[in-house]
>>> print(open('query-v1.cif').read())   # mmCIF, C-alpha atoms
data_upload
#
loop_
_atom_site.label_atom_id
_atom_site.label_comp_id
_atom_site.auth_asym_id
_atom_site.auth_seq_id
_atom_site.Cartn_x
_atom_site.Cartn_y
_atom_site.Cartn_z
CA MET N 1 0.00 0.00 0.00
CA LEU N 2 1.48 3.35 -0.96
CA ALA N 3 2.25 5.82 1.79
CA HIS N 4 -0.35 8.57 2.08
CA VAL N 5 1.64 11.76 1.64
CA ALA N 6 1.04 14.90 -0.35
CA ALA N 7 3.55 13.81 -2.93
CA PHE N 8 2.27 15.62 -5.98
CA VAL N 9 2.04 18.87 -4.01
CA ALA N 10 5.61 18.36 -2.84
CA LEU N 11 6.65 17.90 -6.44
CA GLY N 12 4.91 21.12 -7.38
CA ALA N 13 2.77 19.43 -10.01
CA THR N 14 0.46 21.99 -11.57
CA PHE N 15 -2.84 20.73 -12.87
CA ALA N 16 -4.99 22.21 -15.61
CA SER N 17 -7.80 23.03 -13.19
CA GLY N 18 -5.52 24.40 -10.51
CA CYS N 19 -3.29 22.64 -8.01
CA VAL N 20 -4.91 19.38 -6.95
CA ALA N 21 -3.55 17.97 -3.73
CA SER N 22 -3.09 14.20 -3.73
CA ARG N 23 -2.21 11.93 -0.86
CA PHE N 24 -0.52 9.46 -3.16
CA ASP N 25 3.14 8.69 -2.89
CA ALA N 26 4.90 10.03 -5.98
CA ARG N 27 6.93 6.87 -6.47
CA TYR N 28 6.08 5.06 -9.66
CA LEU N 29 5.10 1.45 -9.26
CA PRO N 30 6.99 -0.85 -11.63
CA THR N 31 4.87 -1.87 -14.60
CA ASP N 32 4.91 -5.51 -13.49
CA ASP N 33 3.45 -4.54 -10.10
CA VAL N 34 0.71 -2.49 -11.78
CA ALA N 35 -0.03 -5.39 -14.12
CA LEU N 36 -0.28 -7.82 -11.21
CA GLU N 37 -2.70 -5.56 -9.35
CA LEU N 38 -4.85 -5.14 -12.45
CA ALA N 39 -4.80 -8.90 -13.11
CA SER N 40 -5.99 -9.55 -9.55
CA MET N 41 -8.91 -7.21 -10.23
CA THR N 42 -9.78 -9.11 -13.43
CA PRO N 43 -10.74 -12.66 -12.48
CA GLY N 44 -10.98 -15.19 -15.27
CA LEU N 45 -8.48 -13.47 -17.54
CA GLY N 46 -6.41 -16.10 -19.36
CA ALA N 47 -2.63 -16.19 -19.52
CA GLU N 48 -2.57 -15.09 -23.15
CA ALA N 49 -4.71 -12.02 -22.43
CA ARG N 50 -2.68 -11.19 -19.32
CA ALA N 51 0.52 -11.19 -21.38
CA THR N 52 -1.04 -9.02 -24.09
CA PHE N 53 -2.47 -6.52 -21.61
CA ARG N 54 0.90 -6.37 -19.87
CA ASP N 55 2.42 -5.35 -23.22
CA VAL N 56 -0.36 -2.81 -23.89
CA LEU N 57 0.16 -1.38 -20.42
CA SER N 58 3.92 -1.12 -20.91
CA THR N 59 3.56 0.56 -24.31
CA THR N 60 0.98 3.03 -23.02
CA LEU N 61 3.07 4.04 -20.01
CA ALA N 62 6.21 4.35 -22.15
CA GLU N 63 4.56 6.59 -24.75
CA ASP N 64 2.13 8.61 -22.62
CA ALA N 65 3.21 12.16 -21.73
CA TYR N 66 1.31 11.72 -18.44
CA THR N 67 4.03 9.90 -16.58
CA CYS N 68 2.89 8.21 -13.41
CA SER N 69 1.86 4.70 -12.46
CA PRO N 70 0.17 4.72 -9.04
CA SER N 71 -1.32 1.61 -7.49
CA PRO N 72 -4.59 0.70 -9.26
CA ARG N 73 -6.20 -0.19 -5.95
CA GLU N 74 -5.21 3.18 -4.51
CA VAL N 75 -6.51 4.96 -7.61
CA PHE N 76 -9.90 3.27 -7.48
CA PHE N 77 -10.41 2.77 -3.77
CA GLY N 78 -7.84 4.91 -1.96
CA ASP N 79 -8.09 8.31 -0.35
CA VAL N 80 -7.84 10.70 -3.31
CA GLU N 81 -8.70 14.32 -2.68
CA GLU N 82 -11.46 16.00 -4.64
CA GLY N 83 -10.77 18.08 -7.72
CA GLU N 84 -11.19 18.40 -11.47
CA ARG N 85 -8.72 18.23 -14.29
CA THR N 86 -8.69 18.46 -18.06
CA ILE N 87 -6.48 15.85 -19.71
CA ARG N 88 -5.11 17.00 -23.05
CA GLY N 89 -2.45 15.91 -25.49
CA ALA N 90 -1.88 13.13 -27.98
CA MET N 91 -1.09 9.45 -28.08
CA PRO N 92 1.05 7.75 -30.74
CA HIS N 93 -0.73 5.02 -32.68
CA TYR N 94 1.32 2.21 -34.24
CA ARG N 95 4.29 4.61 -34.19
CA LEU N 96 2.78 6.12 -37.35
CA PHE N 97 0.68 9.10 -36.22
CA PHE N 98 -0.43 11.04 -33.18
CA GLY N 99 -4.12 11.03 -32.30
CA PRO N 100 -5.77 13.61 -30.05
CA MET N 101 -6.53 12.92 -26.39
CA HIS N 102 -8.85 15.32 -24.57
CA TYR N 103 -11.30 14.71 -21.75
CA HIS N 104 -12.22 15.74 -18.21
CA VAL N 105 -11.78 13.89 -14.92
CA ARG N 106 -13.53 14.82 -11.70
CA ARG N 107 -12.83 13.25 -8.33
CA LEU N 108 -15.61 13.25 -5.74
CA GLY N 109 -14.92 12.29 -2.14
CA PRO N 110 -17.04 10.08 0.11
CA ARG N 111 -20.58 11.31 0.71
CA GLY N 112 -23.34 9.97 2.94
CA GLY N 113 -21.53 6.72 3.57
CA ALA N 114 -20.80 6.19 -0.12
CA PRO N 115 -17.12 5.87 -1.15
CA GLY N 116 -15.32 8.35 -3.37
CA ARG N 117 -15.77 8.05 -7.10
CA TRP N 118 -14.50 9.24 -10.46
CA GLU N 119 -16.45 11.02 -13.19
CA VAL N 120 -15.07 11.11 -16.75
CA SER N 121 -16.64 13.18 -19.51
CA ALA N 122 -16.00 14.09 -23.14
CA THR N 123 -17.96 16.31 -25.53
CA PHE N 124 -17.90 16.07 -29.32
CA ALA N 125 -19.03 19.03 -31.43
CA VAL N 126 -20.26 17.53 -34.69
CA VAL N 127 -20.33 19.56 -37.88
CA LEU N 128 -23.48 18.45 -39.70
CA PRO N 129 -23.51 18.20 -43.50
CA ARG N 130 -26.15 19.88 -45.61
CA GLU N 131 -29.56 18.31 -45.48
CA GLY N 132 -30.55 16.01 -48.32
CA GLY N 133 -29.80 12.50 -49.44
CA THR N 134 -29.51 9.49 -47.16
CA LEU N 135 -28.30 9.05 -43.60
CA GLY N 136 -26.74 5.61 -43.28
CA LEU N 137 -27.41 3.79 -40.01
CA ALA N 138 -26.04 0.70 -38.29
CA ASP N 139 -29.45 -0.56 -37.16
CA CYS N 140 -33.03 0.55 -36.73
CA ASP N 141 -33.15 0.52 -32.93
CA GLY N 142 -35.05 3.61 -31.84
CA LYS N 143 -36.31 4.19 -35.37
CA ASP N 144 -39.23 6.18 -33.98
CA ARG N 145 -36.71 8.98 -33.41
CA TYR N 146 -36.42 9.54 -37.15
CA GLU N 147 -38.71 11.35 -39.54
CA GLY N 148 -39.53 10.27 -43.08
CA GLU N 149 -39.15 6.82 -44.58
CA VAL N 150 -36.79 4.63 -42.54
CA VAL N 151 -35.41 1.52 -44.27
CA CYS N 152 -34.71 -1.50 -42.06
CA ARG N 153 -33.51 -4.71 -43.70
CA GLY N 154 -31.36 -7.52 -42.37
CA VAL N 155 -29.20 -7.96 -39.28
CA PRO N 156 -27.92 -4.92 -37.34
CA PHE N 157 -24.20 -4.38 -37.78
CA SER N 158 -23.28 -5.05 -34.14
CA ARG N 159 -25.05 -8.44 -34.30
CA SER N 160 -23.70 -9.51 -37.69
CA ASN N 161 -21.29 -12.10 -36.24
CA THR N 162 -18.45 -10.61 -38.29
CA THR N 163 -15.37 -8.59 -37.39
CA GLU N 164 -16.26 -5.81 -39.83
CA ALA N 165 -17.29 -2.37 -38.63
CA CYS N 166 -19.44 -1.96 -41.76
CA PRO N 167 -20.69 -5.45 -42.69
CA SER N 168 -23.09 -6.30 -45.50
CA SER N 169 -25.51 -7.91 -43.06
CA GLY N 170 -28.25 -5.36 -43.55
CA GLU N 171 -29.42 -2.07 -44.95
CA PHE N 172 -30.49 0.71 -42.60
CA ARG N 173 -31.07 4.32 -43.56
CA ALA N 174 -33.18 7.42 -43.00
CA PRO N 175 -33.49 10.77 -44.77
CA ALA N 176 -30.50 13.01 -44.04
CA THR N 177 -32.49 15.80 -42.41
CA ARG N 178 -31.16 17.90 -39.58
CA ARG N 179 -33.77 16.44 -37.26
CA ASN N 180 -32.60 12.91 -38.04
CA MET N 181 -28.94 13.81 -37.63
CA GLU N 182 -29.72 15.41 -34.27
CA ALA N 183 -31.68 12.31 -33.28
CA LEU N 184 -28.67 10.13 -34.10
CA LEU N 185 -26.34 12.30 -32.00
CA ALA N 186 -28.84 12.20 -29.13
CA ARG N 187 -28.88 8.42 -29.30
CA TRP N 188 -25.09 8.25 -29.25
CA SER N 189 -25.08 10.58 -26.23
CA GLU N 190 -27.50 8.35 -24.36
CA GLU N 191 -26.14 4.96 -25.33
CA ALA N 192 -22.38 5.03 -26.05
CA GLU N 193 -21.46 5.70 -22.41
CA ARG N 194 -23.58 2.72 -21.39
CA TYR N 195 -20.83 0.31 -22.47
CA TRP N 196 -18.27 2.10 -20.32
CA ASN N 197 -20.51 2.32 -17.27
CA ARG N 198 -21.60 -1.31 -17.70
CA ASP N 199 -18.01 -2.53 -17.67
CA ALA N 200 -16.93 -0.35 -14.74
CA GLU N 201 -19.85 -1.76 -12.74
CA ARG N 202 -18.93 -5.28 -13.83
CA TYR N 203 -15.68 -4.97 -11.89
CA GLY N 204 -17.04 -2.86 -9.04
CA LEU N 205 -15.03 0.20 -10.09
CA PRO N 206 -16.25 3.62 -8.85
CA VAL N 207 -16.08 5.30 -12.27
CA ARG N 208 -18.94 6.90 -14.22
CA TYR N 209 -18.74 8.15 -17.80
CA ASP N 210 -20.69 10.86 -19.62
CA PHE N 211 -20.25 11.33 -23.38
CA THR N 212 -22.04 14.07 -25.31
CA PHE N 213 -22.44 14.50 -29.07
CA LEU N 214 -24.09 17.71 -30.22
CA PRO N 215 -24.18 19.86 -33.35
CA HIS N 216 -21.24 22.20 -33.65
CA ASP N 217 -23.42 25.27 -34.16
CA GLN N 218 -25.41 24.45 -31.04
CA ALA N 219 -22.24 24.05 -28.98
CA ALA N 220 -20.97 27.41 -30.24
CA ARG N 221 -24.29 29.13 -29.61
CA GLU N 222 -24.59 27.77 -26.07
CA GLY N 223 -20.92 28.17 -25.19
CA VAL N 224 -20.47 24.48 -24.44
CA PRO N 225 -16.83 23.45 -23.79
CA VAL N 226 -15.79 20.99 -26.49
CA ASP N 227 -13.19 18.24 -26.41
CA LEU N 228 -13.08 17.54 -30.14
CA THR N 229 -14.77 18.96 -33.24
CA LEU N 230 -15.45 16.55 -36.12
CA PRO N 231 -17.60 16.45 -39.25
CA LEU N 232 -20.38 13.89 -39.60
CA SER N 233 -20.12 11.59 -42.59
CA THR N 234 -23.48 10.09 -43.61
CA THR N 235 -22.07 6.66 -44.48
CA CYS N 236 -20.21 3.82 -42.82
CA GLY N 237 -16.51 3.23 -43.39
CA ARG N 238 -13.21 2.70 -41.65
CA THR N 239 -11.56 6.05 -41.05
CA PRO N 240 -9.46 7.40 -38.15
CA TYR N 241 -11.42 8.62 -35.14
CA PHE N 242 -10.06 12.16 -35.56
CA TRP N 243 -11.06 12.35 -39.25
CA SER N 244 -14.85 12.16 -38.95
CA LEU N 245 -17.72 10.45 -37.19
CA ARG N 246 -19.61 8.02 -39.41
CA SER N 247 -23.39 7.78 -39.11
CA GLY N 248 -23.19 4.08 -40.02
CA TRP N 249 -20.99 3.19 -37.05
CA SER N 250 -22.72 1.00 -34.49
CA LEU N 251 -22.88 1.95 -30.82
CA PRO N 252 -20.07 -0.49 -29.91
CA VAL N 253 -17.83 1.16 -32.53
CA ILE N 254 -18.69 4.64 -31.21
CA ALA N 255 -17.76 3.44 -27.70
CA HIS N 256 -14.43 2.23 -29.08
CA GLU N 257 -13.70 5.50 -30.87
CA VAL N 258 -14.44 7.49 -27.70
CA GLY N 259 -11.80 5.31 -26.06
CA HIS N 260 -9.19 6.82 -28.36
CA LEU N 261 -10.09 10.35 -27.27
CA LEU N 262 -9.64 9.07 -23.71
CA GLY N 263 -6.10 8.00 -24.59
CA LEU N 264 -6.55 4.29 -25.24
CA MET N 265 -4.83 2.59 -28.13
CA ASP N 266 -5.99 -0.13 -30.52
CA GLU N 267 -5.32 -3.72 -29.54
CA TYR N 268 -5.25 -5.26 -33.01
CA GLU N 269 -2.70 -5.56 -35.81
CA ALA N 270 -2.28 -2.20 -37.50
CA LEU N 271 -3.42 -2.93 -41.06
CA SER N 272 -5.85 -5.74 -40.36
CA GLY N 273 -9.46 -5.35 -41.42
CA ILE N 274 -8.74 -2.97 -44.28
CA VAL N 275 -8.83 -5.59 -47.02
CA PRO N 276 -10.81 -8.88 -47.17
CA PHE N 277 -7.74 -11.12 -47.29
CA TYR N 278 -6.41 -9.64 -44.00
CA PRO N 279 -9.36 -9.65 -41.58
CA LYS N 280 -9.39 -7.75 -38.31
CA THR N 281 -6.82 -9.50 -36.11
CA PRO N 282 -6.81 -8.60 -32.41
CA PHE N 283 -3.68 -9.16 -30.37
CA PRO N 284 -3.59 -12.61 -28.74
CA GLY N 285 -6.28 -12.74 -26.06
CA ALA N 286 -7.62 -9.25 -26.89
CA HIS N 287 -10.63 -10.57 -28.83
CA THR N 288 -12.73 -9.93 -25.71
CA SER N 289 -11.56 -6.31 -25.39
CA ARG N 290 -13.48 -3.26 -26.62
CA MET N 291 -10.18 -1.92 -27.97
CA GLY N 292 -9.41 -5.25 -29.65
CA LEU N 293 -12.69 -5.95 -31.43
CA SER N 294 -14.62 -2.70 -31.47
CA MET N 295 -17.74 -3.86 -33.28
CA LYS N 296 -18.95 -6.52 -30.85
CA GLU N 297 -21.71 -5.94 -28.33
CA ASP N 298 -20.10 -8.16 -25.73
CA THR N 299 -16.46 -7.06 -25.86
CA ILE N 300 -15.58 -5.10 -22.74
CA LEU N 301 -13.37 -2.49 -21.15
CA TYR N 302 -11.18 -4.05 -18.49
CA PRO N 303 -9.89 -2.52 -15.23
CA MET N 304 -6.67 -1.70 -17.09
CA HIS N 305 -8.55 0.59 -19.47
CA HIS N 306 -10.36 2.44 -16.69
CA TRP N 307 -7.11 2.81 -14.74
CA ILE N 308 -5.25 4.26 -17.72
CA VAL N 309 -7.97 6.89 -18.13
CA VAL N 310 -8.39 8.04 -14.50
CA ARG N 311 -4.80 7.71 -13.25
CA ARG N 312 -3.74 10.68 -15.43
CA TYR N 313 -5.53 12.89 -12.91
CA LEU N 314 -2.64 12.11 -10.55
CA CYS N 315 0.23 12.66 -12.97
CA PRO N 316 2.40 15.78 -13.33
CA GLU N 317 1.31 18.11 -16.12
CA PRO N 318 3.23 17.19 -19.30
CA SER N 319 5.64 19.67 -20.77
CA GLY N 320 6.11 20.36 -24.45
CA ARG N 321 3.93 21.32 -27.37
CA ASP N 322 0.65 19.54 -27.97
CA PRO N 323 0.41 18.70 -31.71
CA TRP N 324 -3.41 18.64 -31.43
CA GLY N 325 -3.82 21.86 -29.43
CA HIS N 326 -5.59 23.55 -32.34
CA ALA N 327 -8.34 20.89 -32.38
CA PHE N 328 -9.67 21.50 -28.90
CA GLN N 329 -11.02 25.01 -29.31
#
>>> encode(input="query-v1.cif", output="structure tokens")
Amino acid sequence: MLAHVAAFVALGATFASGCVASRFDARYLPTDDVALELASMTPGLGAEARATFRDVLSTTLAEDAYTCSPSPREVFFGDVEEGERTIRGAMPHYRLFFGPMHYHVRRLGPRGGAPGRWEVSATFAVVLPREGGTLGLADCDGKDRYEGEVVCRGVPFSRSNTTEACPSSGEFRAPATRRNMEALLARWSEEAERYWNRDAERYGLPVRYDFTFLPHDQAAREGVPVDLTLPLSTTCGRTPYFWSLRSGWSLPVIAHEVGHLLGLMDEYEALSGIVPFYPKTPFPGAHTSRMGLSMKEDTILYPMHHWIVVRRYLCPEPSGRDPWGHAFQ
């Protein structure tokens, strides 16, 4: 158990939302110790998955500008003082490109006999295309949200039993009106966070997530702080998460893409899934992970993923230029 001292204050760490006092020891735990703690919090995880997640953990810690590795048990269940912080920067993906990372973490202390908890939020401002044409969808769940003729044929993408983000299992579409695009964003706002909250609850972790997708002009008009601004593409397709949001992405895929903005990296071979002869290939044992197979309803976010996201609250503020600083206005 780490000694409870005001280590980050002693180090003079300055946080984006002011100086947040922490009672965590500033010593970094070795990666193997962190991995062992996380494995103990993840019963039933096979040896192959443990080895892969140990590698993912090591790579993330080595490449993340937020450099600290406190005890996972202390992070989730220890005595962490209240505060708020904006996490911003970039993460390298496959050593090929930097993708933006931008979200907010709030720590709430014990209240009314309830233990302390974490709240994580991210807001997307979505630039809507001109009205007209077709809005591709991944399913027809909640089709009563949409106006006009809604086409629903076949098996929803997330239940297609394939490893494709945009399978040929069905055809789902609605008129590309502003009302329908707003309805789609509202559904994402309500449902995408459900996967994250479900999986935190699965492991008894005191973390709650809140993701918001709203039209860019509405965010500007209402003065809503935005974590990333992206255009909406009215089709499905495999494109980087910082390029556009695709209306044909299923809710599981949206939950995966949000994970990138929260600083998580893919857990599959870099070029897999782009062409038919090289299908999506998760790292060994990562086929059950949301970041390994994004399109599945039942893949999950493990304690490791939640720890990576919230532990940055306790790290010193990174120095250096943020290559994605322009995108978070």
>>> resolve_selection(input="query-v1.cif", expression="the PyMOL selection byres ((chain N and resi 189) around 6)", output="NGL selection string")
:N and (186-188 or 190-191 or 211-213)
>>> resolve_selection(input="query-v1.cif", expression="the PyMOL selection byres ((chain N and resi 115-124) around 9)", output="ChimeraX atom specification")
/N:76-82,102-114,125-126,205-216,224-230,258,261-262,309-310
>>> closest_residue(input="query-v1.cif", among="N:Gly204, N:Gly259, N:Pro175, N:Pro240", to="N:Arg130", atoms="all atoms listed in the file")
N:Pro175
>>> residues_around(input="query-v1.cif", residues="stretch 295-304 of chain N", least_positions_apart="3", cutoff="6 Å", atoms="only C-alpha atoms", output="ChimeraX atom specification")
/N:158,165,199,252-253,288-290,307
>>> write_last_selection(input="query-v1.cif", atoms="C-alpha atoms", output="PDB file, in the coordinates of the input")
ATOM      1  CA  SER N 158     -23.280  -5.050 -34.140  1.00  0.00           C
ATOM      2  CA  ALA N 165     -17.290  -2.370 -38.630  1.00  0.00           C
ATOM      3  CA  ASP N 199     -18.010  -2.530 -17.670  1.00  0.00           C
ATOM      4  CA  PRO N 252     -20.070  -0.490 -29.910  1.00  0.00           C
ATOM      5  CA  VAL N 253     -17.830   1.160 -32.530  1.00  0.00           C
ATOM      6  CA  THR N 288     -12.730  -9.930 -25.710  1.00  0.00           C
ATOM      7  CA  SER N 289     -11.560  -6.310 -25.390  1.00  0.00           C
ATOM      8  CA  ARG N 290     -13.480  -3.260 -26.620  1.00  0.00           C
ATOM      9  CA  TRP N 307      -7.110   2.810 -14.740  1.00  0.00           C
TER      10      TRP N 307
END
>>> residues_around(input="query-v1.cif", residues="N:Met101", least_positions_apart="2", cutoff="8 Å", atoms="only C-alpha atoms", output="list in words")
Ile87, Arg88, Gly89, Ala90, Met91, Gly99, Tyr103, His260, Leu261, Leu262 and Gly263 of chain N
>>> residues_around(input="query-v1.cif", residues="N:Pro72", least_positions_apart="3", cutoff="12 Å", atoms="all atoms listed in the file", output="PyMOL selection string")
chain N and resi 1-2+24+28-31+33-42+68-69+75-78+205+303-312+314
>>> residues_near_point(input="query-v1.cif", point="(-30.6, 17.5, -48.8)", cutoff="9 Å", atoms="only C-alpha atoms", output="ChimeraX atom specification")
/N:129-134,175-177
>>> build_atoms(input="query-v1.cif", residues="stretch 31-55 of chain N", atoms="N, CA, C and O atoms", output="PDB file, in the coordinates of the input")
ATOM      1  N   THR N  31       5.961  -1.427 -13.736  1.00  0.00           N
ATOM      2  CA  THR N  31       4.870  -1.870 -14.600  1.00  0.00           C
ATOM      3  C   THR N  31       4.399  -3.267 -14.231  1.00  0.00           C
ATOM      4  O   THR N  31       3.194  -3.554 -14.249  1.00  0.00           O
ATOM      5  N   ASP N  32       5.314  -4.157 -13.863  1.00  0.00           N
ATOM      6  CA  ASP N  32       4.910  -5.510 -13.490  1.00  0.00           C
ATOM      7  C   ASP N  32       4.011  -5.502 -12.262  1.00  0.00           C
ATOM      8  O   ASP N  32       3.060  -6.292 -12.171  1.00  0.00           O
ATOM      9  N   ASP N  33       4.286  -4.620 -11.297  1.00  0.00           N
ATOM     10  CA  ASP N  33       3.450  -4.540 -10.100  1.00  0.00           C
ATOM     11  C   ASP N  33       2.057  -4.018 -10.449  1.00  0.00           C
ATOM     12  O   ASP N  33       1.045  -4.501  -9.930  1.00  0.00           O
ATOM     13  N   VAL N  34       2.009  -3.012 -11.327  1.00  0.00           N
ATOM     14  CA  VAL N  34       0.710  -2.490 -11.780  1.00  0.00           C
ATOM     15  C   VAL N  34      -0.058  -3.597 -12.483  1.00  0.00           C
ATOM     16  O   VAL N  34      -1.260  -3.801 -12.240  1.00  0.00           O
ATOM     17  N   ALA N  35       0.622  -4.319 -13.368  1.00  0.00           N
ATOM     18  CA  ALA N  35      -0.030  -5.390 -14.120  1.00  0.00           C
ATOM     19  C   ALA N  35      -0.573  -6.470 -13.194  1.00  0.00           C
ATOM     20  O   ALA N  35      -1.675  -6.997 -13.408  1.00  0.00           O
ATOM     21  N   LEU N  36       0.178  -6.812 -12.154  1.00  0.00           N
ATOM     22  CA  LEU N  36      -0.280  -7.820 -11.210  1.00  0.00           C
ATOM     23  C   LEU N  36      -1.515  -7.353 -10.453  1.00  0.00           C
ATOM     24  O   LEU N  36      -2.465  -8.127 -10.247  1.00  0.00           O
ATOM     25  N   GLU N  37      -1.527  -6.098 -10.033  1.00  0.00           N
ATOM     26  CA  GLU N  37      -2.700  -5.560  -9.350  1.00  0.00           C
ATOM     27  C   GLU N  37      -3.919  -5.594 -10.266  1.00  0.00           C
ATOM     28  O   GLU N  37      -5.020  -5.982  -9.854  1.00  0.00           O
ATOM     29  N   LEU N  38      -3.737  -5.157 -11.505  1.00  0.00           N
ATOM     30  CA  LEU N  38      -4.850  -5.140 -12.450  1.00  0.00           C
ATOM     31  C   LEU N  38      -5.335  -6.556 -12.747  1.00  0.00           C
ATOM     32  O   LEU N  38      -6.539  -6.796 -12.863  1.00  0.00           O
ATOM     33  N   ALA N  39      -4.409  -7.516 -12.862  1.00  0.00           N
ATOM     34  CA  ALA N  39      -4.800  -8.900 -13.110  1.00  0.00           C
ATOM     35  C   ALA N  39      -5.614  -9.456 -11.944  1.00  0.00           C
ATOM     36  O   ALA N  39      -6.579 -10.202 -12.141  1.00  0.00           O
ATOM     37  N   SER N  40      -5.251  -9.070 -10.719  1.00  0.00           N
ATOM     38  CA  SER N  40      -5.990  -9.550  -9.550  1.00  0.00           C
ATOM     39  C   SER N  40      -7.394  -8.971  -9.496  1.00  0.00           C
ATOM     40  O   SER N  40      -8.287  -9.541  -8.867  1.00  0.00           O
ATOM     41  N   MET N  41      -7.603  -7.844 -10.173  1.00  0.00           N
ATOM     42  CA  MET N  41      -8.910  -7.210 -10.230  1.00  0.00           C
ATOM     43  C   MET N  41      -9.726  -7.711 -11.421  1.00  0.00           C
ATOM     44  O   MET N  41     -10.856  -7.264 -11.634  1.00  0.00           O
ATOM     45  N   THR N  42      -9.143  -8.626 -12.203  1.00  0.00           N
ATOM     46  CA  THR N  42      -9.780  -9.110 -13.430  1.00  0.00           C
ATOM     47  C   THR N  42      -9.837 -10.630 -13.408  1.00  0.00           C
ATOM     48  O   THR N  42      -9.110 -11.304 -14.135  1.00  0.00           O
ATOM     49  N   PRO N  43     -10.686 -11.199 -12.572  1.00  0.00           N
ATOM     50  CA  PRO N  43     -10.740 -12.660 -12.480  1.00  0.00           C
ATOM     51  C   PRO N  43     -11.170 -13.292 -13.798  1.00  0.00           C
ATOM     52  O   PRO N  43     -11.956 -12.737 -14.557  1.00  0.00           O
ATOM     53  N   GLY N  44     -10.605 -14.456 -14.065  1.00  0.00           N
ATOM     54  CA  GLY N  44     -10.980 -15.190 -15.270  1.00  0.00           C
ATOM     55  C   GLY N  44     -10.191 -14.825 -16.500  1.00  0.00           C
ATOM     56  O   GLY N  44     -10.403 -15.419 -17.560  1.00  0.00           O
ATOM     57  N   LEU N  45      -9.276 -13.878 -16.389  1.00  0.00           N
ATOM     58  CA  LEU N  45      -8.480 -13.470 -17.540  1.00  0.00           C
ATOM     59  C   LEU N  45      -7.406 -14.520 -17.807  1.00  0.00           C
ATOM     60  O   LEU N  45      -6.630 -14.874 -16.917  1.00  0.00           O
ATOM     61  N   GLY N  46      -7.355 -15.043 -19.019  1.00  0.00           N
ATOM     62  CA  GLY N  46      -6.410 -16.100 -19.360  1.00  0.00           C
ATOM     63  C   GLY N  46      -4.980 -15.600 -19.457  1.00  0.00           C
ATOM     64  O   GLY N  46      -4.716 -14.391 -19.532  1.00  0.00           O
ATOM     65  N   ALA N  47      -4.051 -16.536 -19.494  1.00  0.00           N
ATOM     66  CA  ALA N  47      -2.630 -16.190 -19.520  1.00  0.00           C
ATOM     67  C   ALA N  47      -2.273 -15.399 -20.777  1.00  0.00           C
ATOM     68  O   ALA N  47      -1.469 -14.463 -20.732  1.00  0.00           O
ATOM     69  N   GLU N  48      -2.864 -15.777 -21.902  1.00  0.00           N
ATOM     70  CA  GLU N  48      -2.570 -15.090 -23.150  1.00  0.00           C
ATOM     71  C   GLU N  48      -3.016 -13.630 -23.088  1.00  0.00           C
ATOM     72  O   GLU N  48      -2.273 -12.718 -23.470  1.00  0.00           O
ATOM     73  N   ALA N  49      -4.214 -13.390 -22.570  1.00  0.00           N
ATOM     74  CA  ALA N  49      -4.710 -12.020 -22.430  1.00  0.00           C
ATOM     75  C   ALA N  49      -3.895 -11.242 -21.424  1.00  0.00           C
ATOM     76  O   ALA N  49      -3.596 -10.055 -21.635  1.00  0.00           O
ATOM     77  N   ARG N  50      -3.505 -11.883 -20.318  1.00  0.00           N
ATOM     78  CA  ARG N  50      -2.680 -11.190 -19.320  1.00  0.00           C
ATOM     79  C   ARG N  50      -1.373 -10.723 -19.929  1.00  0.00           C
ATOM     80  O   ARG N  50      -0.910  -9.605 -19.665  1.00  0.00           O
ATOM     81  N   ALA N  51      -0.754 -11.558 -20.744  1.00  0.00           N
ATOM     82  CA  ALA N  51       0.520 -11.190 -21.380  1.00  0.00           C
ATOM     83  C   ALA N  51       0.315 -10.034 -22.355  1.00  0.00           C
ATOM     84  O   ALA N  51       1.124  -9.091 -22.400  1.00  0.00           O
ATOM     85  N   THR N  52      -0.762 -10.102 -23.138  1.00  0.00           N
ATOM     86  CA  THR N  52      -1.040  -9.020 -24.090  1.00  0.00           C
ATOM     87  C   THR N  52      -1.317  -7.713 -23.367  1.00  0.00           C
ATOM     88  O   THR N  52      -0.787  -6.662 -23.737  1.00  0.00           O
ATOM     89  N   PHE N  53      -2.139  -7.752 -22.328  1.00  0.00           N
ATOM     90  CA  PHE N  53      -2.470  -6.520 -21.610  1.00  0.00           C
ATOM     91  C   PHE N  53      -1.257  -5.970 -20.878  1.00  0.00           C
ATOM     92  O   PHE N  53      -1.130  -4.761 -20.713  1.00  0.00           O
ATOM     93  N   ARG N  54      -0.350  -6.847 -20.467  1.00  0.00           N
ATOM     94  CA  ARG N  54       0.900  -6.370 -19.870  1.00  0.00           C
ATOM     95  C   ARG N  54       1.695  -5.591 -20.915  1.00  0.00           C
ATOM     96  O   ARG N  54       2.263  -4.528 -20.611  1.00  0.00           O
ATOM     97  N   ASP N  55       1.718  -6.059 -22.152  1.00  0.00           N
ATOM     98  CA  ASP N  55       2.420  -5.350 -23.220  1.00  0.00           C
ATOM     99  C   ASP N  55       1.728  -4.031 -23.557  1.00  0.00           C
ATOM    100  O   ASP N  55       2.390  -3.016 -23.788  1.00  0.00           O
TER     101      ASP N  55
END
